[in-house]
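As provided, start-v5.txt (compact mmCIF, C-alpha atoms) reads as follows.
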```
# COMPACT_ATOMS: atom_id res chain seq x y z
CA MET O 515 114.07 113.74 109.28
CA ARG O 516 117.10 115.41 110.81
CA ALA O 517 118.19 112.38 112.82
CA GLU O 518 118.36 110.28 109.66
CA ARG O 519 120.26 113.04 107.84
CA LEU O 520 122.83 113.33 110.65
CA LEU O 521 123.42 109.59 110.51
CA ARG O 522 123.85 109.70 106.72
CA LEU O 523 126.28 112.61 107.09
CA LEU O 524 128.33 110.76 109.70
CA LEU O 525 128.48 107.54 107.67
CA ARG O 526 129.39 109.51 104.53
CA LEU O 527 132.39 111.09 106.26
CA GLN O 528 133.40 107.73 107.65
CA THR O 529 133.23 105.88 104.34
CA ARG O 530 134.27 108.60 101.85
CA GLY O 531 136.68 110.62 103.94
CA GLN O 532 137.23 114.35 103.55
CA SER O 533 134.38 116.16 101.78
CA THR O 534 133.53 119.79 101.15
CA VAL O 535 130.34 121.35 102.43
CA ASN O 536 129.04 121.65 98.87
CA GLU O 537 129.71 117.96 98.19
CA LEU O 538 127.88 116.99 101.36
CA ALA O 539 124.99 119.33 100.50
CA GLN O 540 124.64 117.73 97.07
CA TYR O 541 124.75 114.22 98.58
CA LEU O 542 122.15 115.02 101.26
CA GLU O 543 120.08 117.22 98.90
CA VAL O 544 119.99 120.13 101.32
CA SER O 545 121.56 123.60 101.39
CA PRO O 546 125.23 124.20 102.42
CA ARG O 547 123.94 126.19 105.40
CA THR O 548 121.97 123.14 106.60
CA VAL O 549 125.09 120.96 106.28
CA GLN O 550 127.10 123.48 108.31
CA ARG O 551 124.47 123.39 111.08
CA ASP O 552 124.49 119.58 111.03
CA LEU O 553 128.29 119.50 111.31
CA ASP O 554 128.10 121.86 114.28
CA ALA O 555 125.47 119.59 115.86
CA LEU O 556 127.71 116.53 115.43
CA SER O 557 130.61 118.39 116.99
CA LEU O 558 128.50 119.47 119.98
CA ALA O 559 127.40 115.85 120.39
CA GLY O 560 131.04 114.76 120.78
CA VAL O 561 131.66 113.43 117.26
CA PRO O 562 135.27 114.38 116.28
CA VAL O 563 134.59 116.27 113.04
CA TYR O 564 137.10 118.93 111.98
CA SER O 565 137.65 121.19 108.99
CA VAL O 566 140.74 121.60 106.82
CA ARG O 567 140.88 125.10 105.40
CA GLY O 568 142.28 126.26 102.10
CA ARG O 569 142.43 124.78 98.61
CA GLY O 570 141.66 121.06 98.66
CA GLY O 571 140.22 121.32 102.16
CA GLY O 572 136.94 120.08 103.60
CA TRP O 573 135.46 118.28 106.58
CA SER O 574 136.75 115.01 108.01
CA LEU O 575 136.55 112.67 110.98
CA LEU O 576 139.58 111.92 113.11
CA PRO O 577 141.39 109.00 111.41
CA ASP O 578 140.85 106.47 114.21
CA TYR O 579 137.18 107.30 114.77
CA ARG O 580 134.65 104.66 113.78
CA THR O 581 131.00 105.03 114.69
CA ARG O 582 129.15 102.03 116.02
CA LEU O 583 125.41 101.66 116.45
CA THR O 584 125.70 102.45 120.13
CA GLY O 585 123.89 104.94 122.32
CA LEU O 586 120.48 103.75 121.19
CA ALA O 587 117.81 103.41 123.83
CA PRO O 588 115.92 100.08 123.88
CA ALA O 589 112.81 101.70 122.41
CA GLU O 590 114.87 103.23 119.60
CA VAL O 591 116.45 99.89 118.77
CA MET O 592 113.03 98.23 118.66
CA SER O 593 111.57 100.94 116.42
CA VAL O 594 114.27 100.30 113.81
CA PHE O 595 113.84 96.55 113.68
CA VAL O 596 110.06 96.29 113.95
CA GLY O 597 108.90 98.70 111.26
CA ALA O 598 109.64 96.85 108.02
CA THR O 599 106.59 96.61 105.77
CA ALA O 600 106.75 93.19 104.12
CA HIS O 601 104.38 93.71 101.18
CA VAL O 602 106.13 96.95 100.13
CA LEU O 603 109.53 95.25 100.11
CA ALA O 604 108.05 92.31 98.21
CA ASP O 605 106.63 94.64 95.55
CA LEU O 606 110.10 96.13 95.13
CA GLY O 607 111.75 92.72 95.06
CA MET O 608 113.75 93.63 98.15
CA ASP O 609 112.32 91.30 100.78
CA ALA O 610 115.33 88.93 100.77
CA SER O 611 117.75 91.87 100.83
CA SER O 612 115.89 93.31 103.81
CA ASP O 613 116.31 90.12 105.81
CA LEU O 614 120.03 90.04 105.04
CA ALA O 615 120.44 93.72 105.92
CA MET O 616 118.62 93.22 109.22
CA SER O 617 120.94 90.34 110.10
CA LYS O 618 124.00 92.47 109.34
CA LEU O 619 122.66 95.41 111.36
CA ILE O 620 121.92 93.18 114.33
CA ALA O 621 125.42 91.73 114.15
CA ALA O 622 126.87 95.27 114.24
CA LEU O 623 125.03 96.20 117.43
CA PRO O 624 126.62 95.92 120.87
CA GLU O 625 125.46 92.94 122.91
CA SER O 626 122.84 94.76 125.00
CA ALA O 627 121.24 96.46 121.98
CA ARG O 628 121.39 93.21 119.99
CA ARG O 629 119.27 91.48 122.63
CA ASP O 630 116.68 94.28 122.43
CA ALA O 631 116.56 94.06 118.62
CA GLU O 632 116.14 90.28 118.57
CA TYR O 633 113.54 90.52 121.33
CA ALA O 634 111.53 93.02 119.28
CA ARG O 635 111.78 91.05 116.03
CA GLN O 636 110.51 87.89 117.69
CA ARG O 637 107.60 89.55 119.48
CA LEU O 638 106.36 92.51 117.42
CA LEU O 639 105.23 92.77 113.81
CA ILE O 640 103.61 95.71 112.07
CA ASP O 641 101.59 94.58 109.06
CA HIS O 642 100.05 97.50 107.17
CA ALA O 643 98.09 95.28 104.81
CA GLY O 644 94.41 94.62 105.40
CA TRP O 645 92.75 91.21 105.74
CA ASP O 646 91.48 91.59 102.25
CA ASP O 647 94.48 90.75 100.05
CA ARG O 648 93.18 92.63 97.03
CA ARG O 649 95.62 95.29 95.93
CA GLU O 650 96.65 97.19 92.86
CA ALA O 651 99.25 95.32 90.84
CA PRO O 652 102.22 97.71 90.61
CA ARG O 653 102.53 97.18 86.85
CA TRP O 654 105.09 99.92 86.17
CA LEU O 655 106.90 99.72 89.50
CA ASP O 656 110.14 98.13 88.25
CA LEU O 657 110.41 100.53 85.33
CA CYS O 658 109.81 103.56 87.56
CA ARG O 659 112.33 102.36 90.12
CA GLN O 660 114.92 101.88 87.37
CA ALA O 661 114.26 105.37 86.01
CA ILE O 662 114.50 106.97 89.46
CA TRP O 663 117.80 105.24 90.23
CA ALA O 664 119.32 106.11 86.82
CA GLU O 665 117.75 109.61 86.72
CA ARG O 666 116.23 109.03 83.28
CA ARG O 667 112.97 110.41 81.94
CA ILE O 668 110.02 108.16 81.22
CA ALA O 669 107.26 108.60 78.65
CA ILE O 670 103.83 107.82 80.09
CA THR O 671 100.16 108.03 79.30
CA TYR O 672 97.95 108.72 82.27
CA ARG O 673 94.25 107.88 82.11
CA ASP O 674 94.04 109.15 78.51
CA PRO O 675 95.96 106.83 76.11
CA ALA O 676 95.82 109.53 73.42
CA ASP O 677 97.81 112.04 75.49
CA PRO O 678 101.41 110.80 76.05
CA PHE O 679 103.97 113.01 77.81
CA GLU O 680 107.39 112.73 79.46
CA VAL O 681 108.14 113.17 83.15
CA GLU O 682 111.22 113.12 85.38
CA PRO O 683 110.61 110.52 88.11
CA LEU O 684 111.67 111.72 91.56
CA GLY O 685 110.28 109.11 93.94
CA LEU O 686 107.83 106.32 94.72
CA VAL O 687 105.39 106.27 97.62
CA ALA O 688 103.51 103.22 98.90
CA LYS O 689 100.37 104.20 100.81
CA SER O 690 98.68 101.11 102.17
CA ARG O 691 98.40 98.86 99.09
CA THR O 692 98.58 101.66 96.52
CA TRP O 693 101.73 102.91 94.77
CA TYR O 694 102.23 106.51 93.63
CA LEU O 695 104.88 107.99 91.34
CA ILE O 696 106.13 111.49 92.17
CA ALA O 697 107.46 113.14 89.02
CA ARG O 698 108.33 116.53 87.54
CA ARG O 699 106.57 117.58 84.35
CA PRO O 700 108.19 119.57 81.49
CA ASP O 701 106.72 122.78 82.99
CA ASP O 702 108.68 122.04 86.24
CA ASP O 703 105.48 121.28 88.14
CA VAL O 704 105.86 118.26 90.46
CA ARG O 705 102.81 115.95 90.35
CA THR O 706 101.56 112.73 91.92
CA TYR O 707 100.52 109.85 89.63
CA ARG O 708 98.73 106.75 90.81
CA LEU O 709 100.55 103.85 89.16
CA SER O 710 97.35 101.88 88.52
CA ARG O 711 96.12 104.76 86.34
CA VAL O 712 99.26 104.87 84.19
CA THR O 713 98.15 103.18 80.95
CA SER O 714 101.62 102.94 79.40
CA ALA O 715 105.20 103.71 80.38
CA ALA O 716 108.55 103.52 78.61
CA LEU O 717 112.08 104.38 79.66
CA THR O 718 113.75 107.03 77.47
CA ASP O 719 117.45 107.65 76.82
CA GLU O 720 117.24 111.20 78.19
CA SER O 721 118.77 111.87 81.59
CA PHE O 722 117.77 114.69 83.94
CA THR O 723 119.17 116.48 86.96
CA ARG O 724 117.25 115.93 90.16
CA PRO O 725 116.00 119.22 91.70
CA ALA O 726 118.39 120.40 94.39
CA GLY O 727 116.85 120.12 97.82
CA PHE O 728 113.82 118.06 96.76
CA ASP O 729 112.56 116.23 99.86
CA LEU O 730 110.19 113.35 99.09
CA SER O 731 108.82 113.13 102.64
CA ALA O 732 108.12 116.86 102.80
CA TYR O 733 106.47 116.81 99.37
CA TRP O 734 104.23 113.88 100.30
CA ALA O 735 103.17 115.46 103.59
CA GLU O 736 102.19 118.67 101.78
CA ALA O 737 100.41 116.73 99.02
CA GLN O 738 98.31 114.85 101.58
CA LYS O 739 97.37 118.10 103.33
CA HIS O 740 96.30 119.60 100.00
CA PHE O 741 94.28 116.50 99.09
CA LEU O 742 92.41 116.51 102.40
CA ALA O 743 91.74 120.24 102.13
CA THR O 744 90.34 120.01 98.59
CA ARG O 745 88.60 116.63 98.52
CA PRO O 746 84.78 116.69 98.19
CA SER O 747 83.00 116.56 101.53
CA TYR O 748 79.62 114.99 102.36
CA PRO O 749 79.09 114.85 106.16
CA ILE O 750 76.51 112.38 107.46
CA THR O 751 75.15 111.24 110.81
CA LEU O 752 74.33 107.58 111.42
CA ARG O 753 73.07 105.29 114.14
CA VAL O 754 75.42 102.30 114.05
CA ARG O 755 75.76 99.02 115.94
CA ASP O 756 78.92 98.77 118.01
CA ARG O 757 80.42 96.05 115.77
CA ALA O 758 80.24 98.32 112.70
CA VAL O 759 81.37 101.66 114.13
CA ARG O 760 84.99 101.43 112.95
CA ARG O 761 83.92 100.70 109.38
CA PHE O 762 82.67 104.28 109.03
CA HIS O 763 85.88 106.04 110.26
CA PRO O 764 84.14 108.50 112.62
CA THR O 765 85.27 112.12 112.45
CA ALA O 766 84.32 112.63 116.12
CA PRO O 767 84.09 110.32 119.13
CA PRO O 768 80.99 108.07 118.71
CA LEU O 769 78.21 108.76 121.22
CA PRO O 770 76.73 105.71 122.99
CA ASP O 771 73.06 105.08 122.28
CA ALA O 772 70.67 102.40 123.62
CA ASP O 773 71.19 98.64 123.25
CA GLY O 774 74.73 98.66 121.86
CA TRP O 775 74.18 101.32 119.22
CA PHE O 776 76.22 104.50 118.69
CA ILE O 777 75.62 107.87 117.06
CA VAL O 778 78.39 108.30 114.49
CA HIS O 779 79.45 111.39 112.53
CA THR O 780 81.54 110.74 109.44
CA ASP O 781 82.48 112.43 106.16
CA LEU O 782 82.40 110.82 102.72
CA GLU O 783 83.01 112.23 99.25
CA ASN O 784 79.45 112.31 97.89
CA ILE O 785 75.91 111.02 98.38
CA ASN O 786 76.45 107.94 96.19
CA GLU O 787 79.47 106.83 98.20
CA ALA O 788 77.48 107.39 101.40
CA ARG O 789 74.55 105.34 100.08
CA ALA O 790 76.85 102.45 99.16
CA ALA O 791 78.56 102.56 102.57
CA VAL O 792 75.24 102.42 104.46
CA LEU O 793 73.79 99.65 102.29
CA ALA O 794 76.97 97.61 102.78
CA GLN O 795 76.17 97.60 106.51
CA ALA O 796 72.50 96.76 106.13
CA GLY O 797 70.97 96.02 109.53
CA ASP O 798 73.91 97.66 111.33
CA ALA O 799 73.47 101.28 110.18
CA GLN O 800 70.58 103.75 110.08
CA VAL O 801 70.71 107.21 108.48
CA LEU O 802 69.83 110.11 110.79
CA ALA O 803 70.97 112.96 108.51
CA PRO O 804 70.79 114.30 105.90
CA THR O 805 67.23 113.45 104.88
CA GLU O 806 68.12 113.11 101.18
CA LEU O 807 70.51 110.27 102.01
CA ALA O 808 67.88 108.48 104.12
CA THR O 809 65.45 108.75 101.18
CA LEU O 810 68.03 107.43 98.71
CA VAL O 811 68.90 104.45 100.94
CA HIS O 812 65.19 103.69 101.43
CA GLN O 813 64.61 103.75 97.66
CA ALA O 814 67.61 101.49 97.01
CA ALA O 815 66.44 98.99 99.63
CA HIS O 816 62.95 98.98 98.10
CA GLN O 817 64.42 98.31 94.63
CA ILE O 818 66.44 95.39 96.03
CA LEU O 819 63.26 93.86 97.49
CA ASN O 820 61.16 94.68 94.42
CA PRO O 821 63.49 94.66 91.39
CA SER O 822 60.61 94.97 88.94
```
So, in terms of structure tokens, how does the structure I just supplied come out?
Amino acid sequence: MRAERLLRLLLRLQTRGQSTVNELAQYLEVSPRTVQRDLDALSLAGVPVYSVRGRGGGWSLLPDYRTRLTGLAPAEVMSVFVGATAHVLADLGMDASSDLAMSKLIAALPESARRDAEYARQRLLIDHAGWDDRREAPRWLDLCRQAIWAERRIAITYRDPADPFEVEPLGLVAKSRTWYLIARRPDDDVRTYRLSRVTSAALTDESFTRPAGFDLSAYWAEAQKHFLATRPSYPITLRVRDRAVRRFHPTAPPLPDADGWFIVHTDLENINEARAAVLAQAGDAQVLAPTELATLVHQAAHQILNPS
């Protein structure tokens, strides 16, 4: 996001001093033109950035300028201090560091913003984990994190133990309770690997150069769009009790029916997944369409009652 990049740019100039546009572009992993636009934006916002021309020149902040975490609206302060995802930090072994960092950030805030941050931390918590604590054990998480930080290739086998190959790890993504490795293959194609499906992994001694301008957030957003556009689709229509409606993730607003029931349209991957979903809500879901699904559910129910 641009706001995050502008803050990183400002803090970089404050902590490292004079830097060239190319150095800043490499640090932020964007183009020199983007850095120049960001510097112009900081200047227009009143931040005292200036350029020194000629050999050995670059961009700097006025010597006495020190940014503070001021100018944040109450809602912005709260959004920063409420959004930590505990189970993700715990998987990475960073939960204690997060608490310490939060304390330091709060201490750096001006008094009014500090009150807002403490207020939010004491009253709001976003927990992305479900009630069911089952999750995939991130077996290769530490190794992948080490490789990403050190920019070293890893040798993995994925699904097929007989087919090992090397990849250049670029990032890790935690989606709900599942971890994904984003990595570049030898053919320069960037792929997504579900860590639970990696059957072996080993750190190599070979380093690599991270692709210039690679944006993990942008890659993940595009990958999700592609997945949703290409995933198998099996639309169904159900009659569902009110207490079970949310379990089917309706694709359209549920339509009220008689006696606390709703007509629900949803989309699953295939007929077998749909059958399992309906049977799991036995007594709370009835199949209206397609007919083949209704027949399959009826047959499964009959077999449960008459296993012979």
(request) Measuring atom to atom with all atoms listed in the file, identify which of O:Asn536, O:Ser714, O:Thr706, O:Asp656 is nearest to Asp674 of chain O. (result)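 For Asp674 of chain O, the nearest of the given residues is O:Ser714.
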(message) When you look at segment 715-732 of chain O with a cut-off of 6 Å (counting all atoms listed in the file), what residues show up, excluding the ones that are within fewer than 2 positions of it in the same chain? I need them as a list in words.
(response)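 Residues meeting the cut-off are Glu543, Val544, Glu665, Arg666, Arg667, Ile668, Ala669, Ile670, Trp734 and Ala735 of chain O.
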(message) One decimal, in Å: what's the spacing between atom CA of Asp756 of chain O and atom CA of Gln800 of chain O?
(response)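 These two atoms are separated by 12.5 Å.
A straight line drawn from atom CA of Tyr672 of chain O to atom CA of Val704 of chain O is 14.9 Å long.
With distances restricted to all atoms listed in the file, O:Ala697 is the closest residue to Tyr733 of chain O from O:Ala697, O:Arg691, O:Pro678, O:Asn820.
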(request) For Val792 of chain O, work out the shell of residues within 9 Å, counting all atoms listed in the file and skipping chain neighbours fewer than 4 positions away, then give it as a PyMOL selection string. (result) chain O and resi 752+762+787-788+796+798-801+811
(message) Which residue is closest to Leu520 of chain O? Choose from O:Thr548, O:Glu537, O:Gly571, O:Tyr748 and count all atoms listed in the file.
(response) O:Thr548
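The two atoms in question, atom CA of Leu657 of chain O and atom CA of Glu736 of chain O, are spaced 25.8 Å apart.
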(request) Counting only C-alpha atoms, note down every residue that has an atom within 10 Å of the point (133.9, 111.4, 106.8) (file coordinates), as a ChimeraX atom specification. (result) /O:523-533,538,563-564,572-577,579-580
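Near segment 710-712 of chain O, within a cut-off of 8 Å and counting only C-alpha atoms, sit the residues Glu650, Ala651, Pro652, Arg653, Trp654, Ile670, Thr671, Tyr672, Arg673 and Trp693 of chain O, with same-chain residues fewer than 4 positions away left out.
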Could you model N, CA and C atoms for segment 651-687 of chain O and present them as an mmCIF file, keeping the file's coordinate frame?
```cif
data_model
loop_
_atom_site.group_PDB
_atom_site.id
_atom_site.type_symbol
_atom_site.label_atom_id
_atom_site.label_comp_id
_atom_site.auth_asym_id
_atom_site.auth_seq_id
_atom_site.Cartn_x
_atom_site.Cartn_y
_atom_site.Cartn_z
ATOM 1 N N ALA O 651 97.993 95.879 91.330
ATOM 2 C CA ALA O 651 99.250 95.320 90.840
ATOM 3 C C ALA O 651 100.150 96.463 90.383
ATOM 4 N N PRO O 652 101.327 96.601 90.971
ATOM 5 C CA PRO O 652 102.220 97.710 90.610
ATOM 6 C C PRO O 652 102.880 97.452 89.256
ATOM 7 N N ARG O 653 102.100 97.592 88.186
ATOM 8 C CA ARG O 653 102.530 97.180 86.850
ATOM 9 C C ARG O 653 103.814 97.865 86.390
ATOM 10 N N TRP O 654 103.944 99.164 86.673
ATOM 11 C CA TRP O 654 105.090 99.920 86.170
ATOM 12 C C TRP O 654 106.127 100.160 87.261
ATOM 13 N N LEU O 655 106.046 99.436 88.347
ATOM 14 C CA LEU O 655 106.900 99.720 89.500
ATOM 15 C C LEU O 655 108.384 99.517 89.170
ATOM 16 N N ASP O 656 108.732 98.404 88.557
ATOM 17 C CA ASP O 656 110.140 98.130 88.250
ATOM 18 C C ASP O 656 110.706 99.177 87.301
ATOM 19 N N LEU O 657 109.937 99.534 86.286
ATOM 20 C CA LEU O 657 110.410 100.530 85.330
ATOM 21 C C LEU O 657 110.627 101.883 86.014
ATOM 22 N N CYS O 658 109.684 102.278 86.860
ATOM 23 C CA CYS O 658 109.810 103.560 87.560
ATOM 24 C C CYS O 658 111.001 103.555 88.514
ATOM 25 N N ARG O 659 111.198 102.449 89.205
ATOM 26 C CA ARG O 659 112.330 102.360 90.120
ATOM 27 C C ARG O 659 113.642 102.481 89.334
ATOM 28 N N GLN O 660 113.722 101.809 88.204
ATOM 29 C CA GLN O 660 114.920 101.880 87.370
ATOM 30 C C GLN O 660 115.181 103.310 86.911
ATOM 31 N N ALA O 661 114.114 104.000 86.487
ATOM 32 C CA ALA O 661 114.260 105.370 86.010
ATOM 33 C C ALA O 661 114.691 106.317 87.124
ATOM 34 N N ILE O 662 114.150 106.113 88.326
ATOM 35 C CA ILE O 662 114.500 106.970 89.460
ATOM 36 C C ILE O 662 115.971 106.786 89.828
ATOM 37 N N TRP O 663 116.411 105.531 89.858
ATOM 38 C CA TRP O 663 117.800 105.240 90.230
ATOM 39 C C TRP O 663 118.768 105.813 89.197
ATOM 40 N N ALA O 664 118.421 105.673 87.901
ATOM 41 C CA ALA O 664 119.320 106.110 86.820
ATOM 42 C C ALA O 664 119.110 107.572 86.440
ATOM 43 N N GLU O 665 118.109 108.231 87.034
ATOM 44 C CA GLU O 665 117.750 109.610 86.720
ATOM 45 C C GLU O 665 117.533 109.776 85.209
ATOM 46 N N ARG O 666 116.597 108.970 84.691
ATOM 47 C CA ARG O 666 116.230 109.030 83.280
ATOM 48 C C ARG O 666 114.738 109.307 83.156
ATOM 49 N N ARG O 667 114.375 110.069 82.168
ATOM 50 C CA ARG O 667 112.970 110.410 81.940
ATOM 51 C C ARG O 667 112.197 109.176 81.467
ATOM 52 N N ILE O 668 110.903 109.199 81.743
ATOM 53 C CA ILE O 668 110.020 108.160 81.220
ATOM 54 C C ILE O 668 108.867 108.814 80.476
ATOM 55 N N ALA O 669 108.422 108.147 79.418
ATOM 56 C CA ALA O 669 107.260 108.600 78.650
ATOM 57 C C ALA O 669 106.055 107.809 79.127
ATOM 58 N N ILE O 670 105.007 108.508 79.561
ATOM 59 C CA ILE O 670 103.830 107.820 80.090
ATOM 60 C C ILE O 670 102.555 108.354 79.456
ATOM 61 N N THR O 671 101.516 107.543 79.526
ATOM 62 C CA THR O 671 100.160 108.030 79.300
ATOM 63 C C THR O 671 99.409 107.791 80.592
ATOM 64 N N TYR O 672 98.630 108.783 80.973
ATOM 65 C CA TYR O 672 97.950 108.720 82.270
ATOM 66 C C TYR O 672 96.467 108.942 82.056
ATOM 67 N N ARG O 673 95.697 107.869 82.306
ATOM 68 C CA ARG O 673 94.250 107.880 82.110
ATOM 69 C C ARG O 673 93.877 107.972 80.634
ATOM 70 N N ASP O 674 94.396 108.963 79.916
ATOM 71 C CA ASP O 674 94.040 109.150 78.510
ATOM 72 C C ASP O 674 95.138 108.595 77.608
ATOM 73 N N PRO O 675 94.925 107.437 76.962
ATOM 74 C CA PRO O 675 95.960 106.830 76.110
ATOM 75 C C PRO O 675 96.358 107.714 74.927
ATOM 76 N N ALA O 676 95.534 108.677 74.569
ATOM 77 C CA ALA O 676 95.820 109.530 73.420
ATOM 78 C C ALA O 676 96.663 110.749 73.789
ATOM 79 N N ASP O 677 97.078 110.846 75.044
ATOM 80 C CA ASP O 677 97.810 112.040 75.490
ATOM 81 C C ASP O 677 99.122 111.644 76.175
ATOM 82 N N PRO O 678 100.126 111.176 75.430
ATOM 83 C CA PRO O 678 101.410 110.800 76.050
ATOM 84 C C PRO O 678 102.244 112.035 76.407
ATOM 85 N N PHE O 679 103.066 111.920 77.427
ATOM 86 C CA PHE O 679 103.970 113.010 77.810
ATOM 87 C C PHE O 679 105.130 112.413 78.603
ATOM 88 N N GLU O 680 106.207 113.186 78.735
ATOM 89 C CA GLU O 680 107.390 112.730 79.460
ATOM 90 C C GLU O 680 107.445 113.392 80.835
ATOM 91 N N VAL O 681 107.959 112.643 81.805
ATOM 92 C CA VAL O 681 108.140 113.170 83.150
ATOM 93 C C VAL O 681 109.510 112.746 83.667
ATOM 94 N N GLU O 682 109.961 113.453 84.707
ATOM 95 C CA GLU O 682 111.220 113.120 85.380
ATOM 96 C C GLU O 682 110.873 112.505 86.727
ATOM 97 N N PRO O 683 111.032 111.193 86.870
ATOM 98 C CA PRO O 683 110.610 110.520 88.110
ATOM 99 C C PRO O 683 111.519 110.857 89.277
ATOM 100 N N LEU O 684 110.908 111.294 90.384
ATOM 101 C CA LEU O 684 111.670 111.720 91.560
ATOM 102 C C LEU O 684 111.534 110.771 92.740
ATOM 103 N N GLY O 685 110.454 110.001 92.802
ATOM 104 C CA GLY O 685 110.280 109.110 93.940
ATOM 105 C C GLY O 685 109.046 108.245 93.801
ATOM 106 N N LEU O 686 108.978 107.214 94.645
ATOM 107 C CA LEU O 686 107.830 106.320 94.720
ATOM 108 C C LEU O 686 107.320 106.311 96.146
ATOM 109 N N VAL O 687 106.005 106.304 96.293
ATOM 110 C CA VAL O 687 105.390 106.270 97.620
ATOM 111 C C VAL O 687 104.385 105.122 97.658
#
```
